file model.pdb (PDB, C-alpha atoms, pLDDT in the B column)
ATOM      1  CA  ALA D   1       0.000   0.000   0.000  1.00 77.00           C
ATOM      2  CA  GLN D   2       1.090   3.532  -0.671  1.00 83.00           C
ATOM      3  CA  SER D   3       1.043   6.417   1.767  1.00 89.00           C
ATOM      4  CA  VAL D   4       1.916  10.103   1.800  1.00 93.00           C
ATOM      5  CA  THR D   5       3.175  12.103   4.750  1.00 93.00           C
ATOM      6  CA  GLN D   6       2.914  15.858   4.888  1.00 94.00           C
ATOM      7  CA  LEU D   7       4.349  16.956   8.214  1.00 88.00           C
ATOM      8  CA  GLY D   8       2.685  19.858   9.952  1.00 86.00           C
ATOM      9  CA  SER D   9      -0.644  21.390   9.090  1.00 90.00           C
ATOM     10  CA  HIS D  10       0.295  25.006   8.545  1.00 94.00           C
ATOM     11  CA  VAL D  11       3.192  26.938   7.068  1.00 96.00           C
ATOM     12  CA  SER D  12       3.430  30.710   7.217  1.00 97.00           C
ATOM     13  CA  VAL D  13       5.883  32.738   5.172  1.00 97.00           C
ATOM     14  CA  SER D  14       6.386  36.396   4.372  1.00 97.00           C
ATOM     15  CA  GLU D  15       5.657  37.678   0.910  1.00 97.00           C
ATOM     16  CA  GLY D  16       8.794  37.276  -1.181  1.00 97.00           C
ATOM     17  CA  ALA D  17      10.220  34.532   1.029  1.00 98.00           C
ATOM     18  CA  LEU D  18      11.026  30.980   0.003  1.00 97.00           C
ATOM     19  CA  VAL D  19       8.195  28.477   0.148  1.00 97.00           C
ATOM     20  CA  LEU D  20       9.048  24.896   1.129  1.00 97.00           C
ATOM     21  CA  LEU D  21       6.305  22.330   1.589  1.00 97.00           C
ATOM     22  CA  ARG D  22       7.473  18.859   2.475  1.00 97.00           C
ATOM     23  CA  CYS D  23       6.161  15.568   1.162  1.00 97.00           C
ATOM     24  CA  ASN D  24       7.435  12.078   1.852  1.00 96.00           C
ATOM     25  CA  TYR D  25       5.956   8.935   0.444  1.00 94.00           C
ATOM     26  CA  SER D  26       5.977   5.228   1.009  1.00 91.00           C
ATOM     27  CA  SER D  27       5.691   2.933  -1.972  1.00 85.00           C
ATOM     28  CA  SER D  28       6.971  -0.481  -2.986  1.00 79.00           C
ATOM     29  CA  VAL D  29       7.691   0.807  -6.489  1.00 80.00           C
ATOM     30  CA  PRO D  30       8.773   4.233  -7.770  1.00 77.00           C
ATOM     31  CA  PRO D  31       5.467   6.065  -7.819  1.00 85.00           C
ATOM     32  CA  TYR D  32       3.971   8.826  -9.851  1.00 90.00           C
ATOM     33  CA  LEU D  33       3.920  11.954  -7.698  1.00 92.00           C
ATOM     34  CA  PHE D  34       1.649  14.974  -7.796  1.00 94.00           C
ATOM     35  CA  TRP D  35       1.157  18.313  -6.079  1.00 96.00           C
ATOM     36  CA  TYR D  36      -2.271  19.907  -6.102  1.00 95.00           C
ATOM     37  CA  VAL D  37      -3.459  23.280  -4.832  1.00 95.00           C
ATOM     38  CA  GLN D  38      -6.942  23.929  -3.455  1.00 92.00           C
ATOM     39  CA  TYR D  39      -8.408  27.364  -2.900  1.00 90.00           C
ATOM     40  CA  PRO D  40     -11.329  27.746  -0.465  1.00 84.00           C
ATOM     41  CA  ASN D  41     -14.495  25.969  -1.565  1.00 78.00           C
ATOM     42  CA  GLN D  42     -12.944  24.890  -4.847  1.00 82.00           C
ATOM     43  CA  GLY D  43     -11.697  21.676  -6.380  1.00 84.00           C
ATOM     44  CA  LEU D  44      -8.076  20.742  -6.841  1.00 89.00           C
ATOM     45  CA  GLN D  45      -5.764  22.167  -9.465  1.00 92.00           C
ATOM     46  CA  LEU D  46      -2.672  20.320 -10.582  1.00 92.00           C
ATOM     47  CA  LEU D  47       0.529  22.234  -9.871  1.00 95.00           C
ATOM     48  CA  LEU D  48       2.981  19.695 -11.208  1.00 95.00           C
ATOM     49  CA  LYS D  49       3.655  15.995 -11.507  1.00 92.00           C
ATOM     50  CA  TYR D  50       6.530  13.579 -11.773  1.00 92.00           C
ATOM     51  CA  THR D  51       6.205  10.386 -13.774  1.00 88.00           C
ATOM     52  CA  THR D  52       9.543   9.588 -15.376  1.00 86.00           C
ATOM     53  CA  GLY D  53      12.624  11.407 -16.619  1.00 89.00           C
ATOM     54  CA  ALA D  54      14.049  14.560 -15.082  1.00 91.00           C
ATOM     55  CA  THR D  55      13.673  14.530 -11.332  1.00 92.00           C
ATOM     56  CA  LEU D  56      13.296  18.304 -11.043  1.00 96.00           C
ATOM     57  CA  VAL D  57       9.839  19.176 -12.216  1.00 96.00           C
ATOM     58  CA  LYS D  58       8.613  22.675 -12.929  1.00 96.00           C
ATOM     59  CA  GLY D  59       4.955  23.521 -12.592  1.00 95.00           C
ATOM     60  CA  ILE D  60       2.582  26.414 -12.817  1.00 94.00           C
ATOM     61  CA  ASN D  61       2.801  29.650 -10.833  1.00 93.00           C
ATOM     62  CA  GLY D  62       6.557  29.335 -10.330  1.00 96.00           C
ATOM     63  CA  PHE D  63       6.443  26.149  -8.277  1.00 97.00           C
ATOM     64  CA  GLU D  64       8.816  23.262  -8.686  1.00 97.00           C
ATOM     65  CA  ALA D  65       9.485  19.971  -6.949  1.00 98.00           C
ATOM     66  CA  GLU D  66      12.305  17.468  -6.947  1.00 96.00           C
ATOM     67  CA  PHE D  67      11.860  13.725  -6.779  1.00 95.00           C
ATOM     68  CA  LYS D  68      14.526  12.228  -4.519  1.00 95.00           C
ATOM     69  CA  LYS D  69      14.272   8.474  -4.531  1.00 92.00           C
ATOM     70  CA  SER D  70      16.912   7.983  -1.832  1.00 92.00           C
ATOM     71  CA  GLU D  71      14.950  10.226   0.519  1.00 94.00           C
ATOM     72  CA  THR D  72      11.497   9.120  -0.707  1.00 94.00           C
ATOM     73  CA  SER D  73      10.640  12.789  -0.938  1.00 96.00           C
ATOM     74  CA  PHE D  74       8.939  15.172  -3.336  1.00 97.00           C
ATOM     75  CA  HIS D  75       9.162  18.564  -1.655  1.00 97.00           C
ATOM     76  CA  LEU D  76       7.479  21.573  -3.253  1.00 98.00           C
ATOM     77  CA  THR D  77       9.316  24.880  -3.485  1.00 98.00           C
ATOM     78  CA  LYS D  78       8.856  28.381  -4.805  1.00 98.00           C
ATOM     79  CA  PRO D  79      11.632  30.969  -4.583  1.00 97.00           C
ATOM     80  CA  SER D  80       9.403  33.934  -3.773  1.00 97.00           C
ATOM     81  CA  ALA D  81       5.969  33.683  -2.196  1.00 97.00           C
ATOM     82  CA  HIS D  82       3.087  35.778  -3.441  1.00 96.00           C
ATOM     83  CA  MET D  83      -0.061  36.633  -1.550  1.00 96.00           C
ATOM     84  CA  SER D  84      -2.078  34.668  -4.104  1.00 95.00           C
ATOM     85  CA  ASP D  85      -0.199  31.487  -3.132  1.00 96.00           C
ATOM     86  CA  ALA D  86      -2.153  31.270   0.114  1.00 96.00           C
ATOM     87  CA  ALA D  87      -4.112  28.021  -0.193  1.00 96.00           C
ATOM     88  CA  GLU D  88      -4.204  24.357   0.779  1.00 94.00           C
ATOM     89  CA  TYR D  89      -1.588  22.127  -0.839  1.00 96.00           C
ATOM     90  CA  PHE D  90      -1.875  18.380  -1.262  1.00 95.00           C
ATOM     91  CA  CYS D  91       0.786  15.882  -2.220  1.00 96.00           C
ATOM     92  CA  ALA D  92      -0.448  12.673  -3.853  1.00 94.00           C
ATOM     93  CA  VAL D  93       0.950   9.437  -5.228  1.00 91.00           C
ATOM     94  CA  SER D  94      -0.251   6.765  -7.584  1.00 86.00           C
ATOM     95  CA  ASP D  95       1.134   3.386  -8.526  1.00 77.00           C
ATOM     96  CA  PRO D  96       2.282   3.402 -12.165  1.00 70.00           C
ATOM     97  CA  LEU D  97       1.928  -0.359 -12.325  1.00 66.00           C
ATOM     98  CA  MET D  98      -1.735  -0.140 -11.410  1.00 62.00           C
ATOM     99  CA  GLY D  99      -3.107   1.159 -14.650  1.00 57.00           C
ATOM    100  CA  GLY D 100      -6.608   1.464 -15.909  1.00 46.00           C
ATOM    101  CA  ALA D 101      -9.414   1.584 -13.425  1.00 42.00           C
ATOM    102  CA  ASN D 102      -7.127   0.741 -10.537  1.00 50.00           C
ATOM    103  CA  SER D 103      -4.936   3.806 -10.956  1.00 70.00           C
ATOM    104  CA  LYS D 104      -5.976   5.681  -7.822  1.00 83.00           C
ATOM    105  CA  LEU D 105      -4.487   8.686  -6.107  1.00 89.00           C
ATOM    106  CA  THR D 106      -3.508   8.553  -2.461  1.00 89.00           C
ATOM    107  CA  PHE D 107      -3.434  12.002  -0.880  1.00 92.00           C
ATOM    108  CA  GLY D 108      -1.528  13.408   2.025  1.00 93.00           C
ATOM    109  CA  LYS D 109      -3.510  15.264   4.649  1.00 91.00           C
ATOM    110  CA  GLY D 110      -2.632  18.604   3.127  1.00 93.00           C
ATOM    111  CA  ILE D 111      -0.922  21.693   4.419  1.00 95.00           C
ATOM    112  CA  THR D 112      -2.183  25.250   4.634  1.00 95.00           C
ATOM    113  CA  LEU D 113       0.114  27.944   3.317  1.00 97.00           C
ATOM    114  CA  SER D 114      -0.338  31.463   4.660  1.00 97.00           C
ATOM    115  CA  VAL D 115       1.523  34.425   3.186  1.00 97.00           C
ATOM    116  CA  ARG D 116       2.138  37.466   5.365  1.00 96.00           C
ATOM    117  CA  PRO D 117       2.346  40.917   3.766  1.00 94.00           C
TER     118      PRO D 117
ATOM    119  CA  GLY F   1      -7.460  22.344 -20.999  1.00 68.00           C
ATOM    120  CA  ALA F   2      -9.577  19.581 -19.569  1.00 83.00           C
ATOM    121  CA  VAL F   3     -12.535  20.978 -17.653  1.00 89.00           C
ATOM    122  CA  VAL F   4     -14.742  19.151 -15.191  1.00 93.00           C
ATOM    123  CA  SER F   5     -17.920  20.695 -13.853  1.00 94.00           C
ATOM    124  CA  GLN F   6     -20.120  19.770 -10.924  1.00 96.00           C
ATOM    125  CA  HIS F   7     -23.715  20.650 -10.269  1.00 96.00           C
ATOM    126  CA  PRO F   8     -24.967  21.900  -7.948  1.00 97.00           C
ATOM    127  CA  SER F   9     -22.122  23.771  -6.293  1.00 95.00           C
ATOM    128  CA  ARG F  10     -24.040  23.977  -3.055  1.00 96.00           C
ATOM    129  CA  VAL F  11     -27.123  22.156  -1.776  1.00 97.00           C
ATOM    130  CA  ILE F  12     -29.035  22.228   1.477  1.00 97.00           C
ATOM    131  CA  CYS F  13     -31.566  19.501   2.134  1.00 96.00           C
ATOM    132  CA  LYS F  14     -33.668  18.064   4.915  1.00 96.00           C
ATOM    133  CA  SER F  15     -32.733  14.871   6.672  1.00 97.00           C
ATOM    134  CA  GLY F  16     -34.201  11.833   4.945  1.00 96.00           C
ATOM    135  CA  THR F  17     -34.224  13.251   1.445  1.00 97.00           C
ATOM    136  CA  SER F  18     -32.003  12.178  -1.441  1.00 97.00           C
ATOM    137  CA  VAL F  19     -29.608  14.450  -3.266  1.00 97.00           C
ATOM    138  CA  LYS F  20     -28.076  13.957  -6.707  1.00 97.00           C
ATOM    139  CA  ILE F  21     -24.755  15.516  -7.670  1.00 97.00           C
ATOM    140  CA  GLU F  22     -23.648  15.611 -11.295  1.00 97.00           C
ATOM    141  CA  CYS F  23     -20.092  15.503 -12.568  1.00 96.00           C
ATOM    142  CA  ARG F  24     -19.426  16.319 -16.213  1.00 95.00           C
ATOM    143  CA  SER F  25     -16.304  16.333 -18.347  1.00 93.00           C
ATOM    144  CA  LEU F  26     -16.878  19.268 -20.668  1.00 93.00           C
ATOM    145  CA  ASP F  27     -14.225  18.911 -23.339  1.00 89.00           C
ATOM    146  CA  PHE F  28     -13.053  15.325 -23.145  1.00 89.00           C
ATOM    147  CA  GLN F  29     -14.397  11.831 -22.740  1.00 89.00           C
ATOM    148  CA  ALA F  30     -13.831  10.425 -19.291  1.00 87.00           C
ATOM    149  CA  THR F  31     -13.531   6.676 -19.209  1.00 84.00           C
ATOM    150  CA  THR F  32     -13.054   6.797 -15.456  1.00 89.00           C
ATOM    151  CA  MET F  33     -14.443   9.153 -12.864  1.00 92.00           C
ATOM    152  CA  PHE F  34     -13.671   9.269  -9.169  1.00 94.00           C
ATOM    153  CA  TRP F  35     -15.752  10.530  -6.274  1.00 96.00           C
ATOM    154  CA  TYR F  36     -14.109  11.974  -3.177  1.00 95.00           C
ATOM    155  CA  ARG F  37     -15.353  13.281   0.118  1.00 95.00           C
ATOM    156  CA  GLN F  38     -13.551  15.990   2.031  1.00 90.00           C
ATOM    157  CA  PHE F  39     -14.209  17.010   5.610  1.00 85.00           C
ATOM    158  CA  PRO F  40     -13.188  20.481   6.804  1.00 81.00           C
ATOM    159  CA  LYS F  41      -9.441  20.938   7.040  1.00 77.00           C
ATOM    160  CA  GLN F  42      -8.860  17.333   5.990  1.00 82.00           C
ATOM    161  CA  SER F  43      -7.655  15.495   2.949  1.00 86.00           C
ATOM    162  CA  LEU F  44      -9.691  13.930   0.191  1.00 89.00           C
ATOM    163  CA  MET F  45     -11.035  10.484   0.873  1.00 91.00           C
ATOM    164  CA  LEU F  46     -11.725   8.370  -2.193  1.00 93.00           C
ATOM    165  CA  MET F  47     -15.242   6.986  -2.065  1.00 95.00           C
ATOM    166  CA  ALA F  48     -15.525   5.138  -5.343  1.00 94.00           C
ATOM    167  CA  THR F  49     -14.220   4.709  -8.844  1.00 92.00           C
ATOM    168  CA  SER F  50     -16.671   4.547 -11.710  1.00 90.00           C
ATOM    169  CA  ASN F  51     -16.101   3.387 -15.238  1.00 86.00           C
ATOM    170  CA  GLU F  52     -18.499   4.204 -18.024  1.00 83.00           C
ATOM    171  CA  GLY F  53     -21.052   1.478 -18.497  1.00 82.00           C
ATOM    172  CA  SER F  54     -20.082  -0.630 -15.515  1.00 84.00           C
ATOM    173  CA  LYS F  55     -20.727  -0.749 -11.794  1.00 87.00           C
ATOM    174  CA  ALA F  56     -18.721   1.506  -9.540  1.00 91.00           C
ATOM    175  CA  THR F  57     -15.978   0.138  -7.334  1.00 91.00           C
ATOM    176  CA  TYR F  58     -16.421   1.352  -3.780  1.00 94.00           C
ATOM    177  CA  GLU F  59     -13.666   1.827  -1.238  1.00 93.00           C
ATOM    178  CA  GLN F  60     -13.769  -0.096   1.979  1.00 92.00           C
ATOM    179  CA  GLY F  61     -16.205   1.372   4.448  1.00 93.00           C
ATOM    180  CA  VAL F  62     -18.267   3.268   1.888  1.00 95.00           C
ATOM    181  CA  GLU F  63     -21.892   2.138   1.748  1.00 94.00           C
ATOM    182  CA  LYS F  64     -22.830   1.462  -1.861  1.00 93.00           C
ATOM    183  CA  ASP F  65     -26.540   1.592  -1.076  1.00 94.00           C
ATOM    184  CA  LYS F  66     -26.077   4.959   0.581  1.00 96.00           C
ATOM    185  CA  PHE F  67     -23.977   6.533  -2.129  1.00 97.00           C
ATOM    186  CA  LEU F  68     -25.324   5.488  -5.512  1.00 96.00           C
ATOM    187  CA  ILE F  69     -23.031   6.134  -8.434  1.00 94.00           C
ATOM    188  CA  ASN F  70     -24.045   6.028 -12.076  1.00 91.00           C
ATOM    189  CA  HIS F  71     -21.685   6.560 -15.012  1.00 88.00           C
ATOM    190  CA  ALA F  72     -24.042   6.244 -17.938  1.00 82.00           C
ATOM    191  CA  SER F  73     -22.002   8.150 -20.503  1.00 89.00           C
ATOM    192  CA  LEU F  74     -18.413   9.139 -21.186  1.00 89.00           C
ATOM    193  CA  THR F  75     -19.088  12.680 -20.010  1.00 92.00           C
ATOM    194  CA  LEU F  76     -21.415  12.255 -17.048  1.00 94.00           C
ATOM    195  CA  SER F  77     -21.305  10.553 -13.681  1.00 94.00           C
ATOM    196  CA  THR F  78     -23.789  11.097 -10.880  1.00 96.00           C
ATOM    197  CA  LEU F  79     -23.570  10.557  -7.143  1.00 97.00           C
ATOM    198  CA  THR F  80     -26.837  10.203  -5.273  1.00 97.00           C
ATOM    199  CA  VAL F  81     -26.782  10.474  -1.516  1.00 97.00           C
ATOM    200  CA  THR F  82     -29.841   8.512  -0.440  1.00 96.00           C
ATOM    201  CA  SER F  83     -31.769   9.244   2.746  1.00 96.00           C
ATOM    202  CA  ALA F  84     -29.265  11.905   3.695  1.00 96.00           C
ATOM    203  CA  HIS F  85     -28.478  12.594   7.347  1.00 96.00           C
ATOM    204  CA  PRO F  86     -26.531  15.417   8.980  1.00 96.00           C
ATOM    205  CA  GLU F  87     -23.400  13.245   9.158  1.00 95.00           C
ATOM    206  CA  ASP F  88     -23.431  13.119   5.346  1.00 96.00           C
ATOM    207  CA  SER F  89     -22.802  16.858   5.250  1.00 96.00           C
ATOM    208  CA  SER F  90     -19.490  17.324   3.516  1.00 95.00           C
ATOM    209  CA  PHE F  91     -17.681  18.632   0.453  1.00 94.00           C
ATOM    210  CA  TYR F  92     -17.961  16.167  -2.422  1.00 96.00           C
ATOM    211  CA  ILE F  93     -15.444  16.390  -5.247  1.00 94.00           C
ATOM    212  CA  CYS F  94     -15.341  14.423  -8.465  1.00 95.00           C
ATOM    213  CA  SER F  95     -12.464  13.927 -10.833  1.00 94.00           C
ATOM    214  CA  ALA F  96     -12.215  12.510 -14.311  1.00 92.00           C
ATOM    215  CA  ARG F  97      -9.522  10.760 -16.256  1.00 88.00           C
ATOM    216  CA  GLU F  98      -9.277  10.736 -20.019  1.00 81.00           C
ATOM    217  CA  GLY F  99      -8.383   7.310 -21.329  1.00 72.00           C
ATOM    218  CA  ALA F 100      -7.372   4.200 -19.451  1.00 64.00           C
ATOM    219  CA  SER F 101      -3.665   4.930 -19.793  1.00 65.00           C
ATOM    220  CA  SER F 102      -3.769   8.490 -18.504  1.00 69.00           C
ATOM    221  CA  ASN F 103      -2.163   9.172 -15.133  1.00 72.00           C
ATOM    222  CA  GLU F 104      -3.747  12.560 -14.580  1.00 81.00           C
ATOM    223  CA  GLN F 105      -7.082  13.319 -12.965  1.00 87.00           C
ATOM    224  CA  PHE F 106      -8.931  16.563 -13.580  1.00 90.00           C
ATOM    225  CA  PHE F 107     -10.981  17.767 -10.643  1.00 92.00           C
ATOM    226  CA  GLY F 108     -14.358  19.395 -10.482  1.00 94.00           C
ATOM    227  CA  PRO F 109     -14.999  22.451  -8.294  1.00 92.00           C
ATOM    228  CA  GLY F 110     -16.817  20.437  -5.645  1.00 93.00           C
ATOM    229  CA  THR F 111     -20.310  20.367  -4.160  1.00 95.00           C
ATOM    230  CA  ARG F 112     -21.014  21.501  -0.620  1.00 94.00           C
ATOM    231  CA  LEU F 113     -23.799  19.354   0.870  1.00 96.00           C
ATOM    232  CA  THR F 114     -25.492  20.459   4.067  1.00 96.00           C
ATOM    233  CA  VAL F 115     -28.121  18.173   5.579  1.00 96.00           C
ATOM    234  CA  LEU F 116     -30.344  19.799   8.173  1.00 95.00           C
TER     235      LEU F 116
END
call {"tool": "encode", "arguments": {"input": "model.pdb", "output": "structure tokens"}}
result
Amino acid sequence: AQSVTQLGSHVSVSEGALVLLRCNYSSSVPPYLFWYVQYPNQGLQLLLKYTTGATLVKGINGFEAEFKKSETSFHLTKPSAHMSDAAEYFCAVSDPLMGGANSKLTFGKGITLSVRP
Amino acid sequence: GAVVSQHPSRVICKSGTSVKIECRSLDFQATTMFWYRQFPKQSLMLMATSNEGSKATYEQGVEKDKFLINHASLTLSTLTVTSAHPEDSSFYICSAREGASSNEQFFGPGTRLTVL
């Protein structure tokens, strides 16, 4: 079974500061990894994903994440936070060997990012 | 881009009534749709996976008779909460995947259900 750990429930940064949201996973095979953002009372929007190839993945809104197999991590970063980045962020994994109807996402519990002026 | 809509966005109903939530893929054909439930300040919990033309696969602990899922076409799946009770109040989110080999899910905006 796969699992995702997002330590902490809340991160607060100043506008312009570095954003670092941590994600660690547990999987018996190298998984597909995803970061989603959720604004209040809305669905999820994909920020970026890692499937194969380059381990540093760039996404929308200036975010990027690096897949580190040795650390079983997929931390999300952004060099300079903007007020509009304030939202809930979810890390998720899926098993690439479980294709078709069995390809499910397992989500972490999410982390709230606040940006101070 | 791939767009998924949900209707209604918000519904308030009396205890004992049934509520239907629609999930539509607007610009692609979704062979698989997923239904999630999200409690306040918590993560998404997968309820069921539905494939067009076949019965939904429910996750452990989810009552299939309580949460009826129909995926009658490649662009529409419905979730019906039968005999709703206050504990069914939650945020319900659907997602859709285009093609059996796709690894990406596109999420709807969610439906806020409040049962009085």
call {"tool": "interface_residues", "arguments": {"input": "model.pdb", "of": "chain F", "to": "chain D", "cutoff": "10 Å", "atoms": "all atoms listed in the file", "output": "ChimeraX atom specification"}}
result
/F:4-6,9-10,31-34,41-46,48-51,57,91-95,97,99-112
call {"tool": "atom_distance", "arguments": {"input": "model.pdb", "atom1": "CA of Gly16 in chain F", "atom2": "CA of Thr82 in chain F"}}
result
7.7 Å
call {"tool": "resolve_selection", "arguments": {"input": "model.pdb", "expression": "the PyMOL selection byres ((chain F and resi 14) around 12)", "output": "list in words"}}
result
Val11, Ile12, Cys13, Ser15, Gly16, Thr17, Ser18, Val19, Thr82, Ser83, Ala84, His85, Pro86, Asp88, Ser89, Leu113, Thr114, Val115 and Leu116 of chain F
call {"tool": "atom_distance", "arguments": {"input": "model.pdb", "atom1": "CA of Gly53 in chain F", "atom2": "CA of Val3 in chain F"}}
result
21.3 Å
call {"tool": "atom_distance", "arguments": {"input": "model.pdb", "atom1": "CA of Pro31 in chain D", "atom2": "CA of Leu113 in chain D"}}
result
25.1 Å
call {"tool": "resolve_selection", "arguments": {"input": "model.pdb", "expression": "the PyMOL selection byres ((chain F and resi 69) around 7)", "output": "PyMOL selection string"}}
result
chain F and resi 56+67-68+70-71+78-80
call {"tool": "write_last_selection", "arguments": {"input": "model.pdb", "atoms": "C-alpha atoms", "output": "PDB file, in the coordinates of the input"}}
result
ATOM      1  CA  ALA F  56     -18.721   1.506  -9.540  1.00 91.00           C
ATOM      2  CA  PHE F  67     -23.977   6.533  -2.129  1.00 97.00           C
ATOM      3  CA  LEU F  68     -25.324   5.488  -5.512  1.00 96.00           C
ATOM      4  CA  ASN F  70     -24.045   6.028 -12.076  1.00 91.00           C
ATOM      5  CA  HIS F  71     -21.685   6.560 -15.012  1.00 88.00           C
ATOM      6  CA  THR F  78     -23.789  11.097 -10.880  1.00 96.00           C
ATOM      7  CA  LEU F  79     -23.570  10.557  -7.143  1.00 97.00           C
ATOM      8  CA  THR F  80     -26.837  10.203  -5.273  1.00 97.00           C
TER       9      THR F  80
END
call {"tool": "closest_residue", "arguments": {"input": "model.pdb", "among": "D:Pro79, D:Gly62, D:Pro40, D:Gly53", "to": "Val13 in chain D", "atoms": "all atoms listed in the file"}}
result
D:Pro79
call {"tool": "residues_near_point", "arguments": {"input": "model.pdb", "point": "(-16.4, 12.4, -24.3)", "cutoff": "6 Å", "atoms": "only C-alpha atoms", "output": "list in words"}}
result
Phe28, Gln29, Ala30, Leu74 and Thr75 of chain F
call {"tool": "axis_aligned_box", "arguments": {"input": "model.pdb", "around": "range 12-27 of chain D", "padding_each_side": "6 Å", "output": "lines of an AutoDock Vina configuration file"}}
result
center_x = 7.2
center_y = 20.3
center_z = 2.6
size_x = 19.6
size_y = 46.7
size_z = 21.2
call {"tool": "resolve_selection", "arguments": {"input": "model.pdb", "expression": "the PyMOL selection byres ((chain D and resi 3) around 8)", "output": "PyMOL selection string"}}
result
chain D and resi 1-2+4-5+25-27+93+106-108
